>>> print(open('protein30.cif').read())   # mmCIF, C-alpha atoms
data_my_file
#
loop_
_atom_site.label_atom_id
_atom_site.label_comp_id
_atom_site.auth_asym_id
_atom_site.auth_seq_id
_atom_site.Cartn_x
_atom_site.Cartn_y
_atom_site.Cartn_z
CA MET A 51 -0.96 -11.80 -22.15
CA LYS A 52 -3.92 -9.94 -20.65
CA ALA A 53 -3.44 -6.76 -18.61
CA LEU A 54 -5.34 -3.78 -17.23
CA VAL A 55 -4.31 -0.83 -19.39
CA PHE A 56 -4.86 2.83 -18.49
CA GLN A 57 -6.43 4.66 -21.44
CA GLY A 58 -6.73 8.12 -19.90
CA PRO A 59 -8.65 9.68 -17.00
CA GLY A 60 -11.68 7.55 -16.19
CA GLN A 61 -10.79 4.87 -18.74
CA THR A 62 -9.16 1.44 -18.34
CA SER A 63 -9.54 -1.87 -20.17
CA TRP A 64 -8.61 -5.51 -19.58
CA GLN A 65 -7.01 -6.29 -22.93
CA ASP A 66 -4.26 -8.04 -24.83
CA ALA A 67 -0.78 -6.67 -24.15
CA PRO A 68 2.72 -7.73 -25.19
CA ASP A 69 4.41 -10.27 -22.95
CA PRO A 70 7.16 -8.64 -20.88
CA ALA A 71 10.76 -9.47 -21.72
CA ILE A 72 14.10 -9.14 -19.98
CA LYS A 73 15.52 -5.69 -20.78
CA ASP A 74 18.34 -5.56 -18.24
CA ALA A 75 20.48 -8.23 -16.64
CA ALA A 76 19.00 -7.31 -13.23
CA ASP A 77 15.39 -7.98 -14.35
CA ALA A 78 13.08 -10.84 -13.45
CA ILE A 79 9.88 -11.89 -15.22
CA VAL A 80 7.22 -12.95 -12.73
CA ARG A 81 3.95 -14.75 -13.37
CA VAL A 82 1.34 -12.92 -11.31
CA ASP A 83 -0.47 -15.30 -8.96
CA ALA A 84 -2.22 -12.75 -6.69
CA VAL A 85 -2.61 -9.00 -7.15
CA THR A 86 -4.55 -6.24 -5.45
CA ILE A 87 -5.80 -2.72 -6.15
CA CYS A 88 -4.50 0.30 -4.25
CA GLY A 89 -6.17 3.60 -3.48
CA THR A 90 -3.33 5.14 -5.49
CA ASP A 91 -4.60 3.23 -8.54
CA LEU A 92 -7.96 4.95 -8.08
CA HIS A 93 -6.16 8.32 -7.99
CA ILE A 94 -4.39 7.38 -11.24
CA VAL A 95 -7.64 6.44 -12.95
CA LYS A 96 -9.14 9.77 -11.83
CA GLY A 97 -6.22 11.58 -13.49
CA ASP A 98 -4.55 12.71 -10.26
CA VAL A 99 -1.13 11.29 -11.26
CA PRO A 100 -0.27 12.87 -14.63
CA GLU A 101 3.02 10.97 -14.93
CA VAL A 102 0.95 7.87 -15.75
CA THR A 103 0.29 8.08 -19.48
CA PRO A 104 -2.26 6.25 -21.65
CA GLY A 105 -1.10 2.75 -22.54
CA ARG A 106 0.46 2.05 -19.14
CA ILE A 107 -0.34 -1.25 -17.41
CA LEU A 108 -1.41 -0.39 -13.87
CA GLY A 109 -0.61 -1.98 -10.51
CA HIS A 110 2.30 -2.07 -8.09
CA GLU A 111 1.43 -4.86 -5.63
CA ALA A 112 1.57 -8.59 -6.34
CA VAL A 113 2.73 -12.05 -5.39
CA GLY A 114 3.94 -14.34 -8.12
CA THR A 115 6.26 -17.02 -9.39
CA VAL A 116 9.57 -16.20 -11.07
CA VAL A 117 9.67 -17.59 -14.61
CA GLU A 118 12.85 -15.96 -15.98
CA THR A 119 15.77 -13.93 -14.66
CA GLY A 120 18.51 -11.80 -16.15
CA GLY A 121 22.11 -12.83 -15.92
CA ASP A 122 22.92 -10.63 -12.92
CA VAL A 123 20.09 -11.87 -10.68
CA ARG A 124 21.42 -13.94 -7.78
CA ASN A 125 18.81 -13.99 -4.99
CA VAL A 126 15.90 -15.62 -6.83
CA ARG A 127 15.53 -18.14 -9.61
CA PRO A 128 12.74 -19.54 -11.79
CA GLY A 129 10.17 -21.37 -9.71
CA ASP A 130 10.54 -19.18 -6.60
CA ARG A 131 7.36 -17.71 -5.13
CA VAL A 132 8.01 -14.05 -4.38
CA LEU A 133 6.48 -10.86 -3.06
CA ILE A 134 6.82 -8.00 -5.53
CA SER A 135 7.53 -4.77 -3.67
CA CYS A 136 5.76 -1.57 -4.72
CA ILE A 137 9.21 0.08 -4.65
CA SER A 138 12.17 -0.92 -6.81
CA SER A 139 15.73 -0.20 -5.70
CA CYS A 140 18.86 0.14 -7.79
CA GLY A 141 20.94 -0.31 -4.62
CA ARG A 142 23.68 2.03 -5.85
CA CYS A 143 22.49 5.64 -5.73
CA ARG A 144 22.86 7.86 -2.67
CA PHE A 145 19.26 7.40 -1.56
CA CYS A 146 19.32 3.61 -1.89
CA ARG A 147 22.58 3.42 0.05
CA GLU A 148 20.86 5.38 2.83
CA GLY A 149 17.82 3.05 2.78
CA HIS A 150 15.55 5.64 1.14
CA TYR A 151 14.57 3.35 -1.72
CA GLY A 152 11.43 5.33 -2.53
CA GLN A 153 13.66 8.21 -3.66
CA CYS A 154 15.92 6.01 -5.84
CA ARG A 155 17.66 7.99 -8.58
CA GLY A 156 19.11 5.00 -10.40
CA GLY A 157 15.96 3.92 -12.22
CA GLY A 158 13.98 2.63 -9.25
CA GLY A 159 11.58 4.11 -6.72
CA TRP A 160 7.88 3.83 -7.47
CA VAL A 161 8.08 2.74 -11.10
CA LEU A 162 5.70 -0.24 -11.41
CA GLY A 163 2.37 0.92 -12.72
CA HIS A 164 3.71 4.48 -12.72
CA THR A 165 6.55 5.01 -15.18
CA ILE A 166 6.84 1.38 -16.37
CA ASP A 167 4.24 -1.36 -16.82
CA GLY A 168 2.87 -2.76 -13.60
CA THR A 169 1.49 -5.85 -11.91
CA GLN A 170 -2.20 -5.91 -12.88
CA ALA A 171 -1.41 -8.38 -15.62
CA GLU A 172 -0.67 -12.04 -16.14
CA TYR A 173 3.10 -11.36 -16.18
CA VAL A 174 5.29 -8.46 -15.11
CA ARG A 175 8.90 -7.41 -15.58
CA VAL A 176 10.45 -6.43 -12.24
CA PRO A 177 13.64 -4.34 -12.43
CA PHE A 178 16.44 -4.72 -9.88
CA ALA A 179 14.98 -8.08 -8.86
CA ASP A 180 17.58 -8.91 -6.20
CA LEU A 181 16.43 -5.93 -4.11
CA SER A 182 12.83 -5.58 -5.30
CA VAL A 183 11.32 -9.02 -4.73
CA HIS A 184 11.26 -11.07 -1.54
CA PRO A 185 11.17 -14.88 -1.47
CA LEU A 186 8.12 -16.04 0.47
CA PRO A 187 8.02 -18.74 3.14
CA SER A 188 5.40 -21.44 2.68
CA ALA A 189 3.76 -20.32 5.95
CA VAL A 190 2.49 -17.11 4.32
CA SER A 191 -0.32 -17.45 1.79
CA SER A 192 -0.36 -15.36 -1.36
CA HIS A 193 -3.55 -13.57 -0.29
CA ASP A 194 -1.89 -12.54 2.98
CA ALA A 195 1.50 -11.74 1.49
CA VAL A 196 0.14 -9.33 -1.13
CA LEU A 197 -0.74 -6.95 1.74
CA LEU A 198 2.99 -6.60 2.39
CA ALA A 199 3.67 -5.20 -1.09
CA ASP A 200 2.41 -1.75 -0.12
CA ILE A 201 -0.19 -1.11 2.58
CA PHE A 202 1.68 -2.54 5.56
CA PRO A 203 5.09 -0.98 4.87
CA THR A 204 3.44 2.29 3.81
CA SER A 205 1.26 2.58 6.89
CA TYR A 206 4.11 1.56 9.16
CA GLU A 207 6.88 3.73 7.68
CA VAL A 208 5.02 6.81 6.43
CA GLY A 209 2.35 6.78 9.14
CA VAL A 210 3.56 5.16 12.35
CA LEU A 211 7.31 5.82 12.11
CA ASN A 212 7.06 9.29 10.57
CA GLY A 213 4.37 10.14 13.10
CA ASN A 214 6.68 8.91 15.87
CA VAL A 215 3.93 7.00 17.66
CA ARG A 216 4.93 6.44 21.28
CA PRO A 217 3.49 4.60 24.29
CA GLY A 218 0.48 6.43 25.70
CA ASP A 219 -0.15 8.56 22.60
CA THR A 220 -3.59 9.35 21.23
CA VAL A 221 -3.53 8.44 17.55
CA VAL A 222 -6.19 9.44 15.00
CA VAL A 223 -6.34 7.73 11.60
CA GLY A 224 -8.80 6.93 8.81
CA ALA A 225 -10.22 3.44 8.35
CA GLY A 226 -9.45 2.69 4.71
CA PRO A 227 -7.00 -0.13 3.93
CA ILE A 228 -3.94 2.01 4.71
CA GLY A 229 -5.58 3.34 7.86
CA LEU A 230 -6.46 -0.16 9.04
CA ALA A 231 -2.88 -1.28 8.50
CA ALA A 232 -1.76 1.80 10.45
CA ILE A 233 -4.05 0.79 13.33
CA ALA A 234 -2.51 -2.67 13.38
CA THR A 235 1.09 -1.42 13.26
CA ALA A 236 0.56 1.53 15.62
CA GLY A 237 -0.56 -1.02 18.17
CA LEU A 238 3.03 -2.32 18.27
CA TYR A 239 3.97 0.88 20.14
CA SER A 240 1.28 0.71 22.86
CA PRO A 241 -0.52 4.01 22.20
CA GLY A 242 -2.94 5.13 24.86
CA ARG A 243 -5.84 5.11 22.41
CA ILE A 244 -6.47 4.87 18.69
CA ILE A 245 -9.39 6.78 17.18
CA ALA A 246 -10.59 5.76 13.71
CA VAL A 247 -12.48 8.25 11.54
CA ASP A 248 -14.28 7.28 8.35
CA LEU A 249 -17.50 7.69 6.38
CA ALA A 250 -18.22 3.96 6.01
CA ALA A 251 -19.74 2.04 8.93
CA SER A 252 -18.21 -1.21 7.63
CA ARG A 253 -14.71 0.27 7.78
CA LEU A 254 -15.26 1.63 11.29
CA SER A 255 -16.36 -1.86 12.36
CA ALA A 256 -13.19 -3.32 10.84
CA ALA A 257 -11.15 -0.66 12.65
CA ARG A 258 -12.60 -1.77 15.99
CA ASP A 259 -11.79 -5.40 15.16
CA LEU A 260 -8.16 -4.43 14.42
CA GLY A 261 -7.62 -2.47 17.62
CA ALA A 262 -9.24 0.98 17.41
CA ASP A 263 -10.48 2.10 20.82
CA ALA A 264 -12.99 4.63 19.50
CA THR A 265 -14.56 5.40 16.14
CA ALA A 266 -16.23 8.45 14.63
CA ASN A 267 -18.16 9.09 11.46
CA ALA A 268 -16.31 11.74 9.45
CA GLU A 269 -19.56 13.67 8.96
CA GLU A 270 -20.46 13.78 12.67
CA GLU A 271 -17.93 16.20 14.18
CA PRO A 272 -15.01 13.82 14.82
CA GLU A 273 -12.98 16.82 16.04
CA ARG A 274 -15.32 17.16 19.00
CA LEU A 275 -14.81 13.48 19.91
CA VAL A 276 -11.04 13.98 19.83
CA GLU A 277 -11.40 17.04 22.07
CA ASP A 278 -13.62 15.14 24.51
CA LEU A 279 -11.23 12.18 24.73
CA THR A 280 -8.12 14.33 25.15
CA GLU A 281 -9.53 16.99 27.50
CA VAL A 282 -9.45 19.51 24.62
CA LEU A 283 -5.71 18.97 24.14
CA GLY A 284 -5.88 17.24 20.74
CA ALA A 285 -4.25 14.10 19.37
CA ASP A 286 -0.54 13.39 19.67
CA VAL A 287 -0.42 11.86 16.19
CA VAL A 288 -2.87 12.30 13.31
CA ILE A 289 -2.31 10.13 10.25
CA GLU A 290 -3.82 11.44 6.99
CA ALA A 291 -4.52 8.46 4.76
CA VAL A 292 -7.22 9.73 2.40
CA GLY A 293 -5.58 12.22 0.03
CA VAL A 294 -8.23 14.92 -0.16
CA PRO A 295 -7.81 18.53 1.02
CA GLU A 296 -10.65 18.35 3.54
CA ALA A 297 -9.09 15.35 5.29
CA PHE A 298 -5.66 16.97 5.52
CA GLU A 299 -7.07 20.22 6.88
CA MET A 300 -9.14 18.32 9.45
CA CYS A 301 -6.00 16.49 10.57
CA THR A 302 -4.23 19.79 11.25
CA ARG A 303 -7.18 20.90 13.38
CA MET A 304 -7.15 17.69 15.44
CA VAL A 305 -3.46 17.69 16.38
CA ARG A 306 -2.32 19.00 19.74
CA PRO A 307 0.40 21.63 20.26
CA GLY A 308 3.68 19.83 19.78
CA GLY A 309 1.95 16.98 17.96
CA ARG A 310 2.63 15.31 14.64
CA VAL A 311 0.64 15.06 11.41
CA ALA A 312 1.87 12.23 9.17
CA ASN A 313 0.51 12.53 5.63
CA ILE A 314 0.25 9.29 3.69
CA GLY A 315 -2.56 10.18 1.28
CA VAL A 316 -1.92 10.76 -2.43
CA HIS A 317 -3.14 14.28 -3.15
CA GLY A 318 -4.32 15.34 -6.57
CA LYS A 319 -5.38 18.84 -5.49
CA PRO A 320 -3.83 21.57 -3.34
CA ALA A 321 -4.68 21.65 0.35
CA THR A 322 -4.66 24.81 2.44
CA LEU A 323 -2.00 24.93 5.14
CA HIS A 324 -3.44 27.19 7.82
CA LEU A 325 -0.20 28.66 9.09
CA GLU A 326 -2.16 31.48 10.73
CA ASP A 327 -3.25 28.81 13.26
CA LEU A 328 -0.33 26.39 13.13
CA TRP A 329 2.72 28.64 13.31
CA ILE A 330 2.49 28.94 17.08
CA LYS A 331 1.59 25.30 17.84
CA ASP A 332 4.99 23.65 17.28
CA VAL A 333 3.37 21.06 15.01
CA THR A 334 5.43 18.68 12.85
CA ILE A 335 4.00 17.73 9.46
CA THR A 336 5.64 14.92 7.52
CA THR A 337 5.10 13.63 4.01
CA GLY A 338 6.67 10.69 2.29
CA LEU A 339 6.71 7.84 -0.16
CA VAL A 340 7.29 4.43 1.37
CA ASP A 341 10.85 3.06 1.20
CA THR A 342 9.87 -0.56 2.02
CA HIS A 343 12.95 -0.98 4.23
CA SER A 344 10.60 -2.58 6.78
CA THR A 345 9.25 -5.27 4.43
CA PRO A 346 11.56 -8.12 5.60
CA MET A 347 10.66 -7.41 9.25
CA LEU A 348 6.93 -7.22 8.48
CA LEU A 349 7.17 -10.45 6.50
CA ARG A 350 8.70 -12.19 9.52
CA MET A 351 5.90 -10.83 11.69
CA MET A 352 3.23 -12.08 9.31
CA ALA A 353 4.85 -15.51 9.14
CA ALA A 354 4.73 -15.58 12.96
CA GLY A 355 1.05 -14.64 13.00
CA ARG A 356 1.66 -11.17 14.44
CA LEU A 357 -0.02 -9.20 11.65
CA PRO A 358 -3.57 -9.48 10.29
CA GLY A 359 -3.91 -10.77 6.77
CA ALA A 360 -6.96 -12.51 5.39
CA GLU A 361 -9.31 -10.62 7.70
CA MET A 362 -8.52 -7.45 5.73
CA VAL A 363 -9.47 -9.07 2.40
CA THR A 364 -13.20 -8.70 1.83
CA HIS A 365 -13.51 -9.59 -1.86
CA ARG A 366 -11.76 -12.14 -4.08
CA PHE A 367 -11.85 -12.29 -7.86
CA GLU A 368 -10.27 -14.15 -10.73
CA LEU A 369 -7.60 -12.19 -12.56
CA ASP A 370 -9.82 -11.62 -15.60
CA GLN A 371 -12.44 -9.95 -13.36
CA MET A 372 -10.17 -6.92 -12.96
CA GLU A 373 -12.72 -4.36 -14.15
CA GLU A 374 -15.38 -5.74 -11.80
CA ALA A 375 -12.88 -5.65 -8.93
CA TYR A 376 -12.12 -1.98 -9.66
CA ASP A 377 -15.83 -1.19 -9.59
CA VAL A 378 -16.28 -2.91 -6.22
CA PHE A 379 -13.20 -1.30 -4.70
CA SER A 380 -14.00 2.19 -5.97
CA HIS A 381 -17.48 2.02 -4.39
CA ALA A 382 -16.30 0.80 -1.00
CA GLY A 383 -18.97 2.78 0.84
CA GLU A 384 -21.67 0.68 -0.82
CA THR A 385 -19.81 -2.64 -1.21
CA GLY A 386 -17.99 -2.72 2.13
CA ALA A 387 -14.70 -3.43 0.32
CA LEU A 388 -11.47 -3.19 2.27
CA LYS A 389 -8.84 -4.99 0.21
CA VAL A 390 -9.72 -6.93 -2.92
CA VAL A 391 -7.42 -9.69 -4.15
CA LEU A 392 -7.43 -11.17 -7.63
CA GLY A 393 -6.04 -14.57 -8.53
CA GLY A 394 -4.48 -16.91 -6.04
CA PRO A 395 -1.95 -19.69 -5.60
CA GLN A 396 -1.50 -21.72 -8.77
CA HIS A 397 -0.77 -25.40 -8.37
CA ASP A 398 0.67 -26.96 -11.46
CA THR A 399 -0.04 -30.67 -11.88
CA VAL A 400 3.08 -32.72 -12.44
CA ALA A 401 2.61 -36.23 -13.86
CA VAL A 402 4.77 -38.74 -11.99
CA PRO A 403 5.31 -42.02 -13.82
CA PRO A 404 4.72 -45.20 -11.79
CA GLN A 405 7.77 -46.63 -10.08
CA GLU A 406 9.16 -49.79 -11.58
CA ARG A 407 9.54 -52.67 -9.17
#
>>> encode(input="protein30.cif", output="C-alpha cells")
Amino acid sequence: MKALVFQGPGQTSWQDAPDPAIKDAADAIVRVDAVTICGTDLHIVKGDVPEVTPGRILGHEAVGTVVETGGDVRNVRPGDRVLISCISSCGRCRFCREGHYGQCRGGGGWVLGHTIDGTQAEYVRVPFADLSVHPLPSAVSSHDAVLLADIFPTSYEVGVLNGNVRPGDTVVVGAGPIGLAAIATAGLYSPGRIIAVDLAASRLSAARDLGADATANAEEEPERLVEDLTEVLGADVVIEAVGVPEAFEMCTRMVRPGGRVANIGVHGKPATLHLEDLWIKDVTITTGLVDTHSTPMLLRMMAAGRLPGAEMVTHRFELDQMEEAYDVFSHAGETGALKVVLGGPQHDTVAVPPQER
C-alpha cells in the first residue's frame, strides 16, 4: 500500500509500505476512505513529539470500510463503514473502566500515528476494534464524520467540559480547527459571549459564522478587548488550543479571578507559569488528552444536523496528494485552510446479471 511515513523532523514521504495485518484477535483492518490532518501531526513533523520515531506512518483520524477482523471482534464486520477514533481503548484497565480511555494502560490510548502505524495510508490496523471504531449511519457523510475522530471530542471534552463552560460565561478561544469546534460545542451551554482570537482573518471569519460573538487579531491586544467586554474582570473560561508558550501565557493573563484555563494545545516547549500573579487569583488550570467518551453522543448530534460538518472543510484532496495537503494545511495563514480532507466515499460497482423471465 501507499502511506505517509515520518522520516525525522521536517521530513515525510508518501511511499510504499507493508500492508497491515491482523496481529491480535481484537484487531480490525480498515480501508481508509477519508482521512484528515491534525495540528498534532504538524507538531510531530516539527519534532515536538519525540515518541514518534522515523518509519512511523502518521495520522490518527479517519473514516473507512472494514475489510478484515480478528476472531474476538463482535461489533463490526467486513463491509461496515466506520469512524476510526483517535483513541484506542483496551476496555479492561483501571482508566478504561473509569471512562478515561486516553490514559489506557492496556495497550491503547493515543497509539495510532504515535506508537503504532496510523491512518494516513490506504489501509490501517485498528487495535481493540470493538471499542475503537464506531459504525456510521448513512445520514452522516465520510467528510463530515471524519471531524468526529478527534477535533469535536477533543474540543468538547478537553476544552468545554474541562473548562466547565456555564450559561452566561465569557469564553475566549483560538480559531483554528480545534478552536472552531470548541466554539460550536461551547454554544451548547449558552455562554454569555464567545471571543475568538487568531492571527488569520479567514479563521476569525469562520469563527463568527460558527457562533463567536466577537473576534480579535492575536497581534492587536486581544487582552484589552477581553477587559473592555468584561468590565476589566477577565474571561470566565479561556481555552488554549494553539500549543505555543506565548498563547498559554496570554490565556493566563485573560482569565478572571476564580476562572478556568483549559489547555488543549500540544506543547513542544516549556511555558512559564506566572505563579507570582496567579497564586492569589484562585484560577483553575486543566490539561488533558481526549478520552472520546463523548463520540457516540456527538455522532448522534451530527446525524441530527446539530453540529457543523462540511462548512469546516475548506480543502479536499485525493489520498495520493497527501504531501500537497500537508503543505496547504501547514500554511493556513496564506491558504485559508481550516480542515483538509483526503479521499472520500468509495462506491464499488457490482455487476448484477439480468433476471431470467
>>> residues_near_point(input="protein30.cif", point="(-11.7, -6.4, -8.9)", cutoff="12 Å", atoms="all atoms listed in the file", output="ChimeraX atom specification")
/A:54,64,84-88,91-92,170,363-382,385,387-393
>>> residues_around(input="protein30.cif", residues="Ser135 of chain A", least_positions_apart="3", cutoff="8 Å", atoms="all atoms listed in the file", output="CSV table (one decimal) with C-alpha atoms, keeping the file's coordinate frame")
chain,number,residue,atom,x,y,z
A,110,HIS,CA,2.3,-2.1,-8.1
A,111,GLU,CA,1.4,-4.9,-5.6
A,112,ALA,CA,1.6,-8.6,-6.3
A,138,SER,CA,12.2,-0.9,-6.8
A,182,SER,CA,12.8,-5.6,-5.3
A,183,VAL,CA,11.3,-9.0,-4.7
A,184,HIS,CA,11.3,-11.1,-1.5
A,198,LEU,CA,3.0,-6.6,2.4
A,199,ALA,CA,3.7,-5.2,-1.1
A,200,ASP,CA,2.4,-1.8,-0.1
A,342,THR,CA,9.9,-0.6,2.0
>>> residues_around(input="protein30.cif", residues="Glu172 of chain A", least_positions_apart="3", cutoff="8 Å", atoms="all atoms listed in the file", output="VMD selection string")
chain A and resid 51 to 53 81 to 83 169 369
>>> write_last_selection(input="protein30.cif", atoms="C-alpha atoms", output="PDB file, in the coordinates of the input")
ATOM      1  CA  MET A  51      -0.960 -11.800 -22.150  1.00  0.00           C
ATOM      2  CA  LYS A  52      -3.920  -9.940 -20.650  1.00  0.00           C
ATOM      3  CA  ALA A  53      -3.440  -6.760 -18.610  1.00  0.00           C
ATOM      4  CA  ARG A  81       3.950 -14.750 -13.370  1.00  0.00           C
ATOM      5  CA  VAL A  82       1.340 -12.920 -11.310  1.00  0.00           C
ATOM      6  CA  ASP A  83      -0.470 -15.300  -8.960  1.00  0.00           C
ATOM      7  CA  THR A 169       1.490  -5.850 -11.910  1.00  0.00           C
ATOM      8  CA  LEU A 369      -7.600 -12.190 -12.560  1.00  0.00           C
TER       9      LEU A 369
END
>>> resolve_selection(input="protein30.cif", expression="the PyMOL selection byres ((chain A and resi 303-311) around 8)", output="tab-separated table (two decimals) with C-alpha atoms, in the frame of the given file")
chain	number	residue	atom	x	y	z
A	213	GLY	CA	4.37	10.14	13.10
A	214	ASN	CA	6.68	8.91	15.87
A	273	GLU	CA	-12.98	16.82	16.04
A	276	VAL	CA	-11.04	13.98	19.83
A	277	GLU	CA	-11.40	17.04	22.07
A	283	LEU	CA	-5.71	18.97	24.14
A	284	GLY	CA	-5.88	17.24	20.74
A	285	ALA	CA	-4.25	14.10	19.37
A	286	ASP	CA	-0.54	13.39	19.67
A	287	VAL	CA	-0.42	11.86	16.19
A	288	VAL	CA	-2.87	12.30	13.31
A	289	ILE	CA	-2.31	10.13	10.25
A	290	GLU	CA	-3.82	11.44	6.99
A	299	GLU	CA	-7.07	20.22	6.88
A	300	MET	CA	-9.14	18.32	9.45
A	301	CYS	CA	-6.00	16.49	10.57
A	302	THR	CA	-4.23	19.79	11.25
A	312	ALA	CA	1.87	12.23	9.17
A	313	ASN	CA	0.51	12.53	5.63
A	331	LYS	CA	1.59	25.30	17.84
A	332	ASP	CA	4.99	23.65	17.28
A	333	VAL	CA	3.37	21.06	15.01
A	334	THR	CA	5.43	18.68	12.85
A	335	ILE	CA	4.00	17.73	9.46
A	336	THR	CA	5.64	14.92	7.52
>>> atom_distance(input="protein30.cif", atom1="atom CA of Glu269 of chain A", atom2="atom CA of Val215 of chain A")
25.9 Å
>>> residues_near_point(input="protein30.cif", point="(7.0, 5.3, -11.4)", cutoff="12 Å", atoms="all atoms listed in the file", output="MDAnalysis selection string")
chainID A and resid 90 94 99:103 106:110 136:139 152:155 157:168 177 339
>>> resolve_selection(input="protein30.cif", expression="the PyMOL selection byres ((chain A and resi 131) around 9)", output="number ranges by chain")
A: 80, 113-116, 126, 128-130, 132-133, 184-188, 192
>>> atom_distance(input="protein30.cif", atom1="atom CA of Asp248 of chain A", atom2="atom CA of Ile228 of chain A")
12.2 Å
>>> resolve_selection(input="protein30.cif", expression="the PyMOL selection byres ((chain A and resi 318) around 6)", output="PyMOL selection string")
chain A and resi 98+317+319
>>> residues_around(input="protein30.cif", residues="Ile314 of chain A", least_positions_apart="5", cutoff="10 Å", atoms="all atoms listed in the file", output="ChimeraX atom specification")
/A:204-205,207-209,212,228-229,289-293,298,336-340
>>> write_last_selection(input="protein30.cif", atoms="C-alpha atoms", output="PDB file, in the frame of the given file")
ATOM      1  CA  THR A 204       3.440   2.290   3.810  1.00  0.00           C
ATOM      2  CA  SER A 205       1.260   2.580   6.890  1.00  0.00           C
ATOM      3  CA  GLU A 207       6.880   3.730   7.680  1.00  0.00           C
ATOM      4  CA  VAL A 208       5.020   6.810   6.430  1.00  0.00           C
ATOM      5  CA  GLY A 209       2.350   6.780   9.140  1.00  0.00           C
ATOM      6  CA  ASN A 212       7.060   9.290  10.570  1.00  0.00           C
ATOM      7  CA  ILE A 228      -3.940   2.010   4.710  1.00  0.00           C
ATOM      8  CA  GLY A 229      -5.580   3.340   7.860  1.00  0.00           C
ATOM      9  CA  ILE A 289      -2.310  10.130  10.250  1.00  0.00           C
ATOM     10  CA  GLU A 290      -3.820  11.440   6.990  1.00  0.00           C
ATOM     11  CA  ALA A 291      -4.520   8.460   4.760  1.00  0.00           C
ATOM     12  CA  VAL A 292      -7.220   9.730   2.400  1.00  0.00           C
ATOM     13  CA  GLY A 293      -5.580  12.220   0.030  1.00  0.00           C
ATOM     14  CA  PHE A 298      -5.660  16.970   5.520  1.00  0.00           C
ATOM     15  CA  THR A 336       5.640  14.920   7.520  1.00  0.00           C
ATOM     16  CA  THR A 337       5.100  13.630   4.010  1.00  0.00           C
ATOM     17  CA  GLY A 338       6.670  10.690   2.290  1.00  0.00           C
ATOM     18  CA  LEU A 339       6.710   7.840  -0.160  1.00  0.00           C
ATOM     19  CA  VAL A 340       7.290   4.430   1.370  1.00  0.00           C
TER      20      VAL A 340
END
>>> residues_around(input="protein30.cif", residues="segment 255-268 of chain A", least_positions_apart="5", cutoff="8 Å", atoms="only C-alpha atoms", output="PDB file with C-alpha atoms, in the coordinates of the input")
ATOM      1  CA  ALA A 225     -10.220   3.440   8.350  1.00  0.00           C
ATOM      2  CA  LEU A 230      -6.460  -0.160   9.040  1.00  0.00           C
ATOM      3  CA  ILE A 233      -4.050   0.790  13.330  1.00  0.00           C
ATOM      4  CA  ALA A 234      -2.510  -2.670  13.380  1.00  0.00           C
ATOM      5  CA  GLY A 237      -0.560  -1.020  18.170  1.00  0.00           C
ATOM      6  CA  ARG A 243      -5.840   5.110  22.410  1.00  0.00           C
ATOM      7  CA  ILE A 244      -6.470   4.870  18.690  1.00  0.00           C
ATOM      8  CA  ILE A 245      -9.390   6.780  17.180  1.00  0.00           C
ATOM      9  CA  ALA A 246     -10.590   5.760  13.710  1.00  0.00           C
ATOM     10  CA  VAL A 247     -12.480   8.250  11.540  1.00  0.00           C
ATOM     11  CA  ASP A 248     -14.280   7.280   8.350  1.00  0.00           C
ATOM     12  CA  LEU A 249     -17.500   7.690   6.380  1.00  0.00           C
ATOM     13  CA  ALA A 250     -18.220   3.960   6.010  1.00  0.00           C
ATOM     14  CA  LEU A 275     -14.810  13.480  19.910  1.00  0.00           C
ATOM     15  CA  PRO A 358      -3.570  -9.480  10.290  1.00  0.00           C
TER      16      PRO A 358
END
>>> atom_distance(input="protein30.cif", atom1="atom CA of Pro272 of chain A", atom2="atom CA of Gly218 of chain A")
20.3 Å
>>> residues_around(input="protein30.cif", residues="segment 68-76 of chain A", least_positions_apart="4", cutoff="10 Å", atoms="only C-alpha atoms", output="MDAnalysis selection string")
chainID A and resid 51:53 80 118:124 140 167 171:181
>>> closest_residue(input="protein30.cif", among="A:Pro241, A:Glu281, A:Ala232, A:Phe202", to="Pro217 of chain A", atoms="only C-alpha atoms")
A:Pro241
>>> axis_aligned_box(input="protein30.cif", around="segment 259-273 of chain A", padding_each_side="3 Å", output="lines of an AutoDock Vina configuration file")
center_x = -14.0
center_y = 5.7
center_z = 14.9
size_x = 18.8
size_y = 28.2
size_z = 17.9
>>> build_atoms(input="protein30.cif", residues="segment 253-261 of chain A", atoms="N, CA and C atoms", output="short mmCIF file (atom, residue, chain, number, x, y, z; two decimals), in the frame of the given file")
data_model
loop_
_atom_site.label_atom_id
_atom_site.label_comp_id
_atom_site.auth_asym_id
_atom_site.auth_seq_id
_atom_site.Cartn_x
_atom_site.Cartn_y
_atom_site.Cartn_z
N ARG A 253 -16.14 0.05 7.51
CA ARG A 253 -14.71 0.27 7.78
C ARG A 253 -14.48 0.62 9.25
N LEU A 254 -15.39 1.33 9.86
CA LEU A 254 -15.26 1.63 11.29
C LEU A 254 -15.38 0.35 12.11
N SER A 255 -16.26 -0.57 11.68
CA SER A 255 -16.36 -1.86 12.36
C SER A 255 -15.07 -2.64 12.24
N ALA A 256 -14.47 -2.64 11.03
CA ALA A 256 -13.19 -3.32 10.84
C ALA A 256 -12.10 -2.68 11.69
N ALA A 257 -12.13 -1.36 11.82
CA ALA A 257 -11.15 -0.66 12.65
C ALA A 257 -11.23 -1.12 14.11
N ARG A 258 -12.45 -1.28 14.62
CA ARG A 258 -12.60 -1.77 15.99
C ARG A 258 -12.04 -3.18 16.12
N ASP A 259 -12.30 -4.02 15.11
CA ASP A 259 -11.79 -5.40 15.16
C ASP A 259 -10.27 -5.43 15.16
N LEU A 260 -9.62 -4.44 14.54
CA LEU A 260 -8.16 -4.43 14.42
C LEU A 260 -7.48 -3.64 15.53
N GLY A 261 -8.27 -3.08 16.46
CA GLY A 261 -7.62 -2.47 17.62
C GLY A 261 -7.97 -1.03 17.91
#
